[in-house]
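For reference, entry-v1.pdb is printed below; it contains PDB, C-alpha atoms, pLDDT in the B column.
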```
ATOM      1  CA  MET A   1     -72.407 164.290  -5.761  1.00 74.00           C
ATOM      2  CA  SER A   2     -74.244 166.407  -3.221  1.00 90.00           C
ATOM      3  CA  THR A   3     -77.212 168.764  -3.123  1.00 95.00           C
ATOM      4  CA  VAL A   4     -77.973 171.649  -0.798  1.00 97.00           C
ATOM      5  CA  ILE A   5     -80.861 173.383   0.921  1.00 98.00           C
ATOM      6  CA  ASP A   6     -80.197 177.121   1.126  1.00 97.00           C
ATOM      7  CA  VAL A   7     -81.582 179.347   3.875  1.00 98.00           C
ATOM      8  CA  TYR A   8     -81.638 183.081   3.122  1.00 98.00           C
ATOM      9  CA  PRO A   9     -82.411 185.250   6.191  1.00 98.00           C
ATOM     10  CA  SER A  10     -84.251 188.548   6.371  1.00 98.00           C
ATOM     11  CA  SER A  11     -83.084 189.103   9.956  1.00 98.00           C
ATOM     12  CA  ALA A  12     -79.468 189.968  10.808  1.00 97.00           C
ATOM     13  CA  HIS A  13     -79.680 187.818  13.947  1.00 96.00           C
ATOM     14  CA  VAL A  14     -77.135 184.990  13.956  1.00 98.00           C
ATOM     15  CA  PRO A  15     -78.469 182.204  16.195  1.00 98.00           C
ATOM     16  CA  THR A  16     -76.477 180.439  18.873  1.00 98.00           C
ATOM     17  CA  PHE A  17     -76.098 176.667  18.969  1.00 98.00           C
ATOM     18  CA  LYS A  18     -78.620 176.618  21.822  1.00 98.00           C
ATOM     19  CA  GLN A  19     -81.211 178.646  19.941  1.00 98.00           C
ATOM     20  CA  PHE A  20     -80.786 176.470  16.876  1.00 98.00           C
ATOM     21  CA  ALA A  21     -81.009 173.176  18.784  1.00 98.00           C
ATOM     22  CA  ASP A  22     -84.054 174.361  20.745  1.00 98.00           C
ATOM     23  CA  THR A  23     -85.858 175.445  17.575  1.00 98.00           C
ATOM     24  CA  VAL A  24     -85.066 172.227  15.703  1.00 98.00           C
ATOM     25  CA  GLN A  25     -86.465 170.281  18.640  1.00 98.00           C
ATOM     26  CA  ALA A  26     -89.607 172.445  18.733  1.00 98.00           C
ATOM     27  CA  VAL A  27     -90.221 172.017  14.990  1.00 98.00           C
ATOM     28  CA  LEU A  28     -89.819 168.236  15.213  1.00 98.00           C
ATOM     29  CA  ILE A  29     -92.161 167.983  18.194  1.00 98.00           C
ATOM     30  CA  GLU A  30     -94.711 170.163  16.412  1.00 98.00           C
ATOM     31  CA  HIS A  31     -94.673 167.957  13.313  1.00 98.00           C
ATOM     32  CA  ARG A  32     -93.868 164.533  14.734  1.00 97.00           C
ATOM     33  CA  ALA A  33     -97.296 163.198  13.723  1.00 96.00           C
ATOM     34  CA  ASP A  34     -96.518 163.731  10.034  1.00 97.00           C
ATOM     35  CA  PRO A  35     -96.406 160.199   8.548  1.00 97.00           C
ATOM     36  CA  HIS A  36     -92.981 160.640   6.930  1.00 97.00           C
ATOM     37  CA  LEU A  37     -91.423 162.023  10.103  1.00 98.00           C
ATOM     38  CA  ALA A  38     -93.256 159.582  12.366  1.00 97.00           C
ATOM     39  CA  GLU A  39     -91.540 156.670  10.623  1.00 97.00           C
ATOM     40  CA  ILE A  40     -88.208 158.119  11.737  1.00 97.00           C
ATOM     41  CA  VAL A  41     -88.928 159.446  15.233  1.00 96.00           C
ATOM     42  CA  GLY A  42     -91.968 157.410  16.270  1.00 94.00           C
ATOM     43  CA  GLY A  43     -90.206 155.761  19.201  1.00 93.00           C
ATOM     44  CA  VAL A  44     -88.105 158.743  20.210  1.00 96.00           C
ATOM     45  CA  SER A  45     -88.990 160.936  23.183  1.00 97.00           C
ATOM     46  CA  ASP A  46     -89.432 164.685  22.819  1.00 97.00           C
ATOM     47  CA  ALA A  47     -86.217 165.270  24.776  1.00 97.00           C
ATOM     48  CA  GLU A  48     -84.269 163.028  22.409  1.00 97.00           C
ATOM     49  CA  LEU A  49     -85.379 165.099  19.417  1.00 98.00           C
ATOM     50  CA  ARG A  50     -82.976 167.857  20.455  1.00 98.00           C
ATOM     51  CA  PRO A  51     -79.954 167.645  18.130  1.00 98.00           C
ATOM     52  CA  HIS A  52     -76.297 167.869  19.052  1.00 98.00           C
ATOM     53  CA  ILE A  53     -74.623 170.755  17.215  1.00 97.00           C
ATOM     54  CA  GLU A  54     -70.873 171.123  16.771  1.00 97.00           C
ATOM     55  CA  ARG A  55     -68.463 173.474  15.072  1.00 95.00           C
ATOM     56  CA  VAL A  56     -65.767 171.574  13.193  1.00 94.00           C
ATOM     57  CA  MET A  57     -62.531 173.551  12.864  1.00 90.00           C
ATOM     58  CA  GLU A  58     -59.328 172.737  11.024  1.00 77.00           C
ATOM     59  CA  MET A  59     -56.280 173.041  13.271  1.00 74.00           C
ATOM     60  CA  PRO A  60     -52.947 174.580  12.184  1.00 69.00           C
ATOM     61  CA  GLY A  61     -51.187 172.412   9.628  1.00 69.00           C
ATOM     62  CA  GLY A  62     -54.430 171.021   8.257  1.00 65.00           C
ATOM     63  CA  LYS A  63     -53.850 167.587   9.760  1.00 64.00           C
ATOM     64  CA  HIS A  64     -56.307 167.617  12.623  1.00 65.00           C
ATOM     65  CA  TRP A  65     -59.864 168.723  13.181  1.00 77.00           C
ATOM     66  CA  ALA A  66     -61.256 169.982  16.461  1.00 87.00           C
ATOM     67  CA  ARG A  67     -64.897 169.956  17.487  1.00 90.00           C
ATOM     68  CA  PHE A  68     -66.615 172.479  19.751  1.00 92.00           C
ATOM     69  CA  ASP A  69     -70.155 172.189  21.075  1.00 95.00           C
ATOM     70  CA  ASP A  70     -70.384 175.170  23.439  1.00 96.00           C
ATOM     71  CA  GLU A  71     -74.028 176.227  23.166  1.00 97.00           C
ATOM     72  CA  THR A  72     -73.074 179.911  23.294  1.00 97.00           C
ATOM     73  CA  GLU A  73     -71.243 179.541  19.949  1.00 96.00           C
ATOM     74  CA  THR A  74     -72.916 181.270  17.020  1.00 97.00           C
ATOM     75  CA  LEU A  75     -73.583 179.930  13.537  1.00 98.00           C
ATOM     76  CA  ASP A  76     -71.304 182.374  11.703  1.00 96.00           C
ATOM     77  CA  PHE A  77     -68.513 179.921  10.901  1.00 93.00           C
ATOM     78  CA  ARG A  78     -65.404 181.362   9.286  1.00 86.00           C
ATOM     79  CA  GLY A  79     -62.836 180.034   6.850  1.00 86.00           C
ATOM     80  CA  ASP A  80     -63.079 176.281   6.399  1.00 87.00           C
ATOM     81  CA  ASP A  81     -65.035 175.761   9.616  1.00 92.00           C
ATOM     82  CA  TYR A  82     -68.451 174.164   9.305  1.00 95.00           C
ATOM     83  CA  GLY A  83     -71.294 172.883  11.429  1.00 97.00           C
ATOM     84  CA  TRP A  84     -72.182 169.289  12.212  1.00 97.00           C
ATOM     85  CA  LEU A  85     -75.696 168.446  13.357  1.00 98.00           C
ATOM     86  CA  SER A  86     -76.501 164.981  14.661  1.00 97.00           C
ATOM     87  CA  PHE A  87     -79.312 163.078  16.312  1.00 96.00           C
ATOM     88  CA  PRO A  88     -77.391 160.554  18.448  1.00 93.00           C
ATOM     89  CA  VAL A  89     -80.399 158.401  19.380  1.00 94.00           C
ATOM     90  CA  ILE A  90     -81.474 157.806  15.790  1.00 94.00           C
ATOM     91  CA  GLU A  91     -77.943 158.073  14.333  1.00 93.00           C
ATOM     92  CA  TYR A  92     -78.560 160.568  11.528  1.00 96.00           C
ATOM     93  CA  ALA A  93     -76.241 163.507  10.886  1.00 96.00           C
ATOM     94  CA  PHE A  94     -75.098 165.982   8.239  1.00 96.00           C
ATOM     95  CA  ASP A  95     -72.927 169.065   7.775  1.00 96.00           C
ATOM     96  CA  PHE A  96     -74.035 172.651   7.237  1.00 97.00           C
ATOM     97  CA  TYR A  97     -72.251 175.868   6.324  1.00 97.00           C
ATOM     98  CA  PHE A  98     -72.299 179.620   6.835  1.00 97.00           C
ATOM     99  CA  ASP A  99     -71.802 181.475   3.550  1.00 94.00           C
ATOM    100  CA  ASP A 100     -70.801 185.145   3.490  1.00 92.00           C
ATOM    101  CA  ASP A 101     -69.259 185.114   0.020  1.00 85.00           C
ATOM    102  CA  VAL A 102     -71.301 187.851  -1.592  1.00 71.00           C
ATOM    103  CA  ASN A 103     -69.329 187.444  -4.821  1.00 68.00           C
ATOM    104  CA  GLU A 104     -70.360 183.817  -5.286  1.00 64.00           C
ATOM    105  CA  PHE A 105     -71.978 184.677  -8.612  1.00 66.00           C
ATOM    106  CA  GLU A 106     -69.290 186.510 -10.567  1.00 68.00           C
ATOM    107  CA  ASP A 107     -71.711 188.168 -12.967  1.00 76.00           C
ATOM    108  CA  LEU A 108     -74.284 189.248 -10.338  1.00 84.00           C
ATOM    109  CA  PRO A 109     -73.984 191.080  -7.017  1.00 89.00           C
ATOM    110  CA  HIS A 110     -75.859 189.752  -3.987  1.00 91.00           C
ATOM    111  CA  THR A 111     -78.642 192.325  -4.359  1.00 92.00           C
ATOM    112  CA  ALA A 112     -79.275 191.229  -7.942  1.00 93.00           C
ATOM    113  CA  VAL A 113     -79.387 187.557  -6.927  1.00 93.00           C
ATOM    114  CA  ILE A 114     -82.020 188.300  -4.272  1.00 96.00           C
ATOM    115  CA  ALA A 115     -83.946 190.404  -6.796  1.00 96.00           C
ATOM    116  CA  GLU A 116     -84.048 187.379  -9.122  1.00 95.00           C
ATOM    117  CA  TYR A 117     -85.394 185.221  -6.307  1.00 97.00           C
ATOM    118  CA  ALA A 118     -88.046 187.867  -5.609  1.00 98.00           C
ATOM    119  CA  GLU A 119     -89.067 187.847  -9.275  1.00 98.00           C
ATOM    120  CA  ARG A 120     -89.258 184.067  -9.278  1.00 97.00           C
ATOM    121  CA  ALA A 121     -91.367 184.083  -6.089  1.00 98.00           C
ATOM    122  CA  ALA A 122     -93.777 186.532  -7.715  1.00 98.00           C
ATOM    123  CA  LEU A 123     -93.940 184.320 -10.805  1.00 97.00           C
ATOM    124  CA  ILE A 124     -94.868 181.147  -8.900  1.00 97.00           C
ATOM    125  CA  GLY A 125     -96.985 182.939  -6.289  1.00 97.00           C
ATOM    126  CA  SER A 126     -94.881 182.167  -3.215  1.00 97.00           C
ATOM    127  CA  LEU A 127     -93.534 184.381  -0.412  1.00 97.00           C
ATOM    128  CA  GLN A 128     -96.199 187.044  -0.778  1.00 96.00           C
ATOM    129  CA  GLY A 129     -95.223 190.051   1.327  1.00 97.00           C
ATOM    130  CA  PHE A 130     -91.750 188.719   2.085  1.00 98.00           C
ATOM    131  CA  PRO A 131     -89.236 191.534   2.831  1.00 98.00           C
ATOM    132  CA  PHE A 132     -86.716 190.735   0.102  1.00 98.00           C
ATOM    133  CA  GLU A 133     -85.181 194.184   0.546  1.00 98.00           C
ATOM    134  CA  LYS A 134     -84.038 193.127   4.039  1.00 98.00           C
ATOM    135  CA  THR A 135     -82.526 189.914   2.690  1.00 97.00           C
ATOM    136  CA  ALA A 136     -80.668 191.919   0.059  1.00 96.00           C
ATOM    137  CA  ARG A 137     -78.981 193.910   2.831  1.00 96.00           C
ATOM    138  CA  ILE A 138     -77.904 190.807   4.753  1.00 96.00           C
ATOM    139  CA  GLU A 139     -74.867 189.486   3.007  1.00 92.00           C
ATOM    140  CA  HIS A 140     -74.842 185.955   4.358  1.00 95.00           C
ATOM    141  CA  SER A 141     -76.836 182.747   4.188  1.00 96.00           C
ATOM    142  CA  TRP A 142     -76.548 179.116   5.233  1.00 97.00           C
ATOM    143  CA  PHE A 143     -76.710 175.857   3.342  1.00 97.00           C
ATOM    144  CA  LEU A 144     -77.276 172.279   4.472  1.00 98.00           C
ATOM    145  CA  ARG A 145     -75.363 169.768   2.388  1.00 96.00           C
ATOM    146  CA  MET A 146     -76.802 166.367   1.511  1.00 94.00           C
ATOM    147  CA  GLN A 147     -74.434 163.706   0.210  1.00 91.00           C
ATOM    148  CA  ALA A 148     -75.727 161.335  -2.459  1.00 87.00           C
ATOM    149  CA  ALA A 149     -75.132 158.323  -0.216  1.00 90.00           C
ATOM    150  CA  GLN A 150     -77.169 159.689   2.679  1.00 93.00           C
ATOM    151  CA  PRO A 151     -80.497 157.942   3.278  1.00 95.00           C
ATOM    152  CA  LEU A 152     -83.970 159.342   2.818  1.00 97.00           C
ATOM    153  CA  GLN A 153     -84.363 159.705   6.584  1.00 97.00           C
ATOM    154  CA  THR A 154     -81.461 162.162   6.732  1.00 97.00           C
ATOM    155  CA  ARG A 155     -82.936 164.245   3.937  1.00 97.00           C
ATOM    156  CA  ILE A 156     -86.344 164.387   5.572  1.00 98.00           C
ATOM    157  CA  LEU A 157     -84.795 165.490   8.859  1.00 98.00           C
ATOM    158  CA  ALA A 158     -82.679 168.079   7.014  1.00 98.00           C
ATOM    159  CA  GLY A 159     -85.853 169.669   5.694  1.00 98.00           C
ATOM    160  CA  TYR A 160     -87.139 170.191   9.226  1.00 98.00           C
ATOM    161  CA  VAL A 161     -83.752 171.504  10.341  1.00 98.00           C
ATOM    162  CA  ALA A 162     -83.702 173.983   7.451  1.00 98.00           C
ATOM    163  CA  VAL A 163     -87.184 175.139   8.442  1.00 98.00           C
ATOM    164  CA  ALA A 164     -85.992 175.714  12.012  1.00 98.00           C
ATOM    165  CA  LEU A 165     -83.116 177.881  10.779  1.00 98.00           C
ATOM    166  CA  ALA A 166     -85.438 179.801   8.456  1.00 98.00           C
ATOM    167  CA  ARG A 167     -87.832 180.426  11.340  1.00 98.00           C
ATOM    168  CA  LEU A 168     -85.018 181.706  13.555  1.00 98.00           C
ATOM    169  CA  THR A 169     -83.770 184.095  10.906  1.00 98.00           C
ATOM    170  CA  GLU A 170     -87.124 184.996   9.322  1.00 98.00           C
ATOM    171  CA  GLY A 171     -85.863 183.578   6.062  1.00 98.00           C
ATOM    172  CA  PHE A 172     -86.852 181.517   3.049  1.00 98.00           C
ATOM    173  CA  LEU A 173     -85.651 178.215   1.573  1.00 98.00           C
ATOM    174  CA  TYR A 174     -84.206 177.686  -1.870  1.00 98.00           C
ATOM    175  CA  SER A 175     -82.149 175.299  -3.983  1.00 97.00           C
ATOM    176  CA  ASP A 176     -81.246 175.191  -7.641  1.00 92.00           C
ATOM    177  CA  ASP A 177     -79.411 171.846  -7.608  1.00 95.00           C
ATOM    178  CA  GLY A 178     -82.208 169.450  -6.649  1.00 95.00           C
ATOM    179  CA  GLY A 179     -82.003 169.860  -2.885  1.00 97.00           C
ATOM    180  CA  ILE A 180     -85.663 170.851  -2.899  1.00 98.00           C
ATOM    181  CA  ASP A 181     -88.331 171.062  -5.601  1.00 98.00           C
ATOM    182  CA  TYR A 182     -87.167 173.902  -7.849  1.00 96.00           C
ATOM    183  CA  ASP A 183     -90.680 174.365  -9.216  1.00 97.00           C
ATOM    184  CA  ARG A 184     -91.840 175.414  -5.736  1.00 97.00           C
ATOM    185  CA  ALA A 185     -88.811 177.436  -4.662  1.00 98.00           C
ATOM    186  CA  PRO A 186     -88.255 179.846  -3.045  1.00 98.00           C
ATOM    187  CA  ALA A 187     -90.590 178.853  -0.220  1.00 98.00           C
ATOM    188  CA  ASP A 188     -91.462 179.986   3.290  1.00 97.00           C
ATOM    189  CA  PRO A 189     -91.028 177.481   6.164  1.00 97.00           C
ATOM    190  CA  ALA A 190     -94.709 176.604   6.633  1.00 95.00           C
ATOM    191  CA  THR A 191     -95.431 176.097   2.947  1.00 97.00           C
ATOM    192  CA  PHE A 192     -92.205 174.151   2.515  1.00 98.00           C
ATOM    193  CA  LEU A 193     -93.205 171.541   5.086  1.00 97.00           C
ATOM    194  CA  SER A 194     -96.588 171.079   3.403  1.00 97.00           C
ATOM    195  CA  TRP A 195     -94.889 169.386   0.431  1.00 98.00           C
ATOM    196  CA  TYR A 196     -91.209 168.667   1.108  1.00 98.00           C
ATOM    197  CA  PRO A 197     -91.437 165.317   2.989  1.00 98.00           C
ATOM    198  CA  GLU A 198     -93.674 163.806   0.288  1.00 97.00           C
ATOM    199  CA  TRP A 199     -91.620 165.357  -2.509  1.00 98.00           C
ATOM    200  CA  ILE A 200     -88.226 164.122  -1.292  1.00 97.00           C
ATOM    201  CA  THR A 201     -89.662 160.648  -0.655  1.00 97.00           C
ATOM    202  CA  HIS A 202     -91.023 160.520  -4.201  1.00 96.00           C
ATOM    203  CA  ASP A 203     -87.776 161.985  -5.577  1.00 93.00           C
ATOM    204  CA  MET A 204     -85.609 159.327  -3.932  1.00 93.00           C
ATOM    205  CA  LEU A 205     -87.867 156.267  -3.979  1.00 88.00           C
ATOM    206  CA  GLY A 206     -90.241 156.901  -6.862  1.00 86.00           C
ATOM    207  CA  PRO A 207     -94.045 157.042  -6.645  1.00 75.00           C
ATOM    208  CA  SER A 208     -95.667 155.075  -3.863  1.00 61.00           C
ATOM    209  CA  THR A 209     -98.029 152.220  -4.677  1.00 42.00           C
ATOM    210  CA  ASP A 210    -100.434 154.034  -2.342  1.00 52.00           C
ATOM    211  CA  ASP A 211    -100.407 157.085  -4.623  1.00 48.00           C
ATOM    212  CA  PRO A 212    -103.959 157.437  -6.078  1.00 41.00           C
ATOM    213  CA  SER A 213    -102.549 158.611  -9.399  1.00 39.00           C
ATOM    214  CA  MET A 214    -100.493 155.422  -9.688  1.00 35.00           C
ATOM    215  CA  LYS A 215    -103.514 153.250  -8.961  1.00 36.00           C
ATOM    216  CA  LYS A 216    -105.448 155.067 -11.657  1.00 35.00           C
ATOM    217  CA  GLU A 217    -102.662 154.400 -14.163  1.00 35.00           C
ATOM    218  CA  GLN A 218    -102.589 150.725 -13.229  1.00 31.00           C
ATOM    219  CA  ARG A 219    -106.288 150.185 -13.941  1.00 30.00           C
TER     220      ARG A 219
END
```
Any chance you could give the structure as structure tokens?
Amino acid sequence: MSTVIDVYPSSAHVPTFKQFADTVQAVLIEHRADPHLAEIVGGVSDAELRPHIERVMEMPGGKHWARFDDETETLDFRGDDYGWLSFPVIEYAFDFYFDDDVNEFEDLPHTAVIAEYAERAALIGSLQGFPFEKTARIEHSWFLRMQAAQPLQTRILAGYVAVALARLTEGFLYSDDGGIDYDRAPADPATFLSWYPEWITHDMLGPSTDDPSMKKEQR
């Protein structure tokens, strides 16, 4: 079983590998003091926080896979190609995908799907002023896939990576399969990072013994 973190852009710009890697690195450096992230990257230099990004492509015959890491490549993968993002020094990695299937929901066109997200954002009070009309005109998105067996550290890092992609494309984050907290989605990058690391830690490990609410219950 896997879950995803969706990134819906409001900009038509498709980043290059270099732009993506640079932005991921910048986001991690900016937030490296966060306690959840610090446990993962505390001993890692700023330079080593830059991820390695590859395009994985199936070769003719379907028997072999080729990898390309040219930093001028763009993130608009086609067919069965997908992206692979890794942090070699800390040995965490995951796959991510470009999705331009505007007919993913058979009963709703892309514009109607985005309209539903806009209604939900208004209901929960998130994404005030977000240009949903621009997102409705951009018929692609990305998703980061998290396998059930992947550790908490990978999922925390994936949240920061998703934020970097959302920043680059002026987008928002969403998931309806448990990839992020549905009660707080859709979310903008800054708001997302204010709760995601704690939420995913609690979701995977249960409440911390340092949680004040737990201590109150134990009295």
Selection under test: the PyMOL selection byres ((chain A and resi 41) around 10); residues as a PDB file with C-alpha atoms, in the frame of the given file:
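Below is the file that was written, selection-v6.pdb:
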```pdb
ATOM      1  CA  LEU A  28     -89.819 168.236  15.213  1.00 98.00           C
ATOM      2  CA  ILE A  29     -92.161 167.983  18.194  1.00 98.00           C
ATOM      3  CA  ARG A  32     -93.868 164.533  14.734  1.00 97.00           C
ATOM      4  CA  ALA A  33     -97.296 163.198  13.723  1.00 96.00           C
ATOM      5  CA  HIS A  36     -92.981 160.640   6.930  1.00 97.00           C
ATOM      6  CA  LEU A  37     -91.423 162.023  10.103  1.00 98.00           C
ATOM      7  CA  ALA A  38     -93.256 159.582  12.366  1.00 97.00           C
ATOM      8  CA  GLU A  39     -91.540 156.670  10.623  1.00 97.00           C
ATOM      9  CA  ILE A  40     -88.208 158.119  11.737  1.00 97.00           C
ATOM     10  CA  GLY A  42     -91.968 157.410  16.270  1.00 94.00           C
ATOM     11  CA  GLY A  43     -90.206 155.761  19.201  1.00 93.00           C
ATOM     12  CA  VAL A  44     -88.105 158.743  20.210  1.00 96.00           C
ATOM     13  CA  SER A  45     -88.990 160.936  23.183  1.00 97.00           C
ATOM     14  CA  ASP A  46     -89.432 164.685  22.819  1.00 97.00           C
ATOM     15  CA  GLU A  48     -84.269 163.028  22.409  1.00 97.00           C
ATOM     16  CA  LEU A  49     -85.379 165.099  19.417  1.00 98.00           C
ATOM     17  CA  VAL A  89     -80.399 158.401  19.380  1.00 94.00           C
ATOM     18  CA  ILE A  90     -81.474 157.806  15.790  1.00 94.00           C
ATOM     19  CA  GLN A 153     -84.363 159.705   6.584  1.00 97.00           C
ATOM     20  CA  LEU A 157     -84.795 165.490   8.859  1.00 98.00           C
TER      21      LEU A 157
END
```
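Candidate residues A:Ala187, A:Ala112, A:Leu75, A:Ala26 were compared for distance to A:Gly171, and the nearest is A:Ala187, using all atoms listed in the file.
Distance check against A:Pro186 using only C-alpha atoms: of A:Glu198, A:Glu116, A:Asp100, A:Asp70, the minimum falls on A:Glu116.
For the file shown, the residue list from the PyMOL selection byres ((chain A and resi 119-129) around 8) reads Ala115, Glu116, Tyr117, Ala118, Phe130, Pro131, Asp183, Arg184, Ala185, Pro186, Ala187 and Asp188 of chain A.
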_Shortest interatomic distance to A:Asp101 - which of A:Gly79, A:Gly178, A:Pro197, A:Pro15, counting only C-alpha atoms_ = A:Gly79
*Quick one: apply the PyMOL selection byres ((chain A and resi 134-137) around 7) to the file and drop the selected residues here as a PyMOL selection string.*
chain A and resi 8-10+110-111+114+131-133+138-139
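Atom pair atom CA of A:His52 / atom CA of A:Phe87 has a distance of 6.3 Å (rounded to one decimal).
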Take every atom of stretch 109-118 of chain A listed in the file, fit an axis-aligned box around them, add 6 Å per side, and give the centre and edge lengths in Å to one decimal as JSON.
```
{"center_x": -81.0, "center_y": 188.8, "center_z": -6.6, "size_x": 26.1, "size_y": 19.1, "size_z": 17.1}
```
*What is the distance, in Å and to one decimal place, between atom CA of A:Asp95 and atom CA of A:Asp107?*
28.2 Å
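If only C-alpha atoms are the atoms counted, then among A:Gly179, A:Met59, A:Pro189, A:Thr23 the closest residue to A:Arg155 is A:Gly179.
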*Which residues, written as a PyMOL selection string, have at least one atom at most 12 Å from A:Phe96, with only C-alpha atoms counted and residues fewer than 5 positions away on the same chain left out?*
chain A and resi 3-7+53-56+75-77+80-86+141-147+158+161-162+165
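Omitting A:Thr154 and its sequence neighbours fewer than 6 positions away, and counting only C-alpha atoms, the residues within 9 Å are Tyr92, Ala93, Phe94 and Met146 of chain A.
Counting all atoms listed in the file and comparing A:Ile180, A:Ser11, A:Leu152, A:Glu170, the residue that lies closest to A:Leu205 is A:Leu152.
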_A:Phe17 surroundings by only C-alpha atoms, 6 Å radius, close-in-sequence under 4 positions cut, as a ChimeraX atom specification_ = /A:71,73-74
Could you write out the selected residues, including C-alpha atoms, as a compact mmCIF listing (two decimals), in the coordinates of the input?
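To be explicit, this is the file written out as again29.txt:
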```
# COMPACT_ATOMS: atom_id res chain seq x y z
CA GLU A 71 -74.03 176.23 23.17
CA GLU A 73 -71.24 179.54 19.95
CA THR A 74 -72.92 181.27 17.02
```
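As for atom CA of A:Pro51 and atom CA of A:Asp22, they are spaced 8.3 Å apart.
Distances from A:Val27, A:Ala148, A:Ala47, A:Ala21 to A:Met1 were compared using all atoms listed in the file, and the smallest one belongs to A:Ala148.
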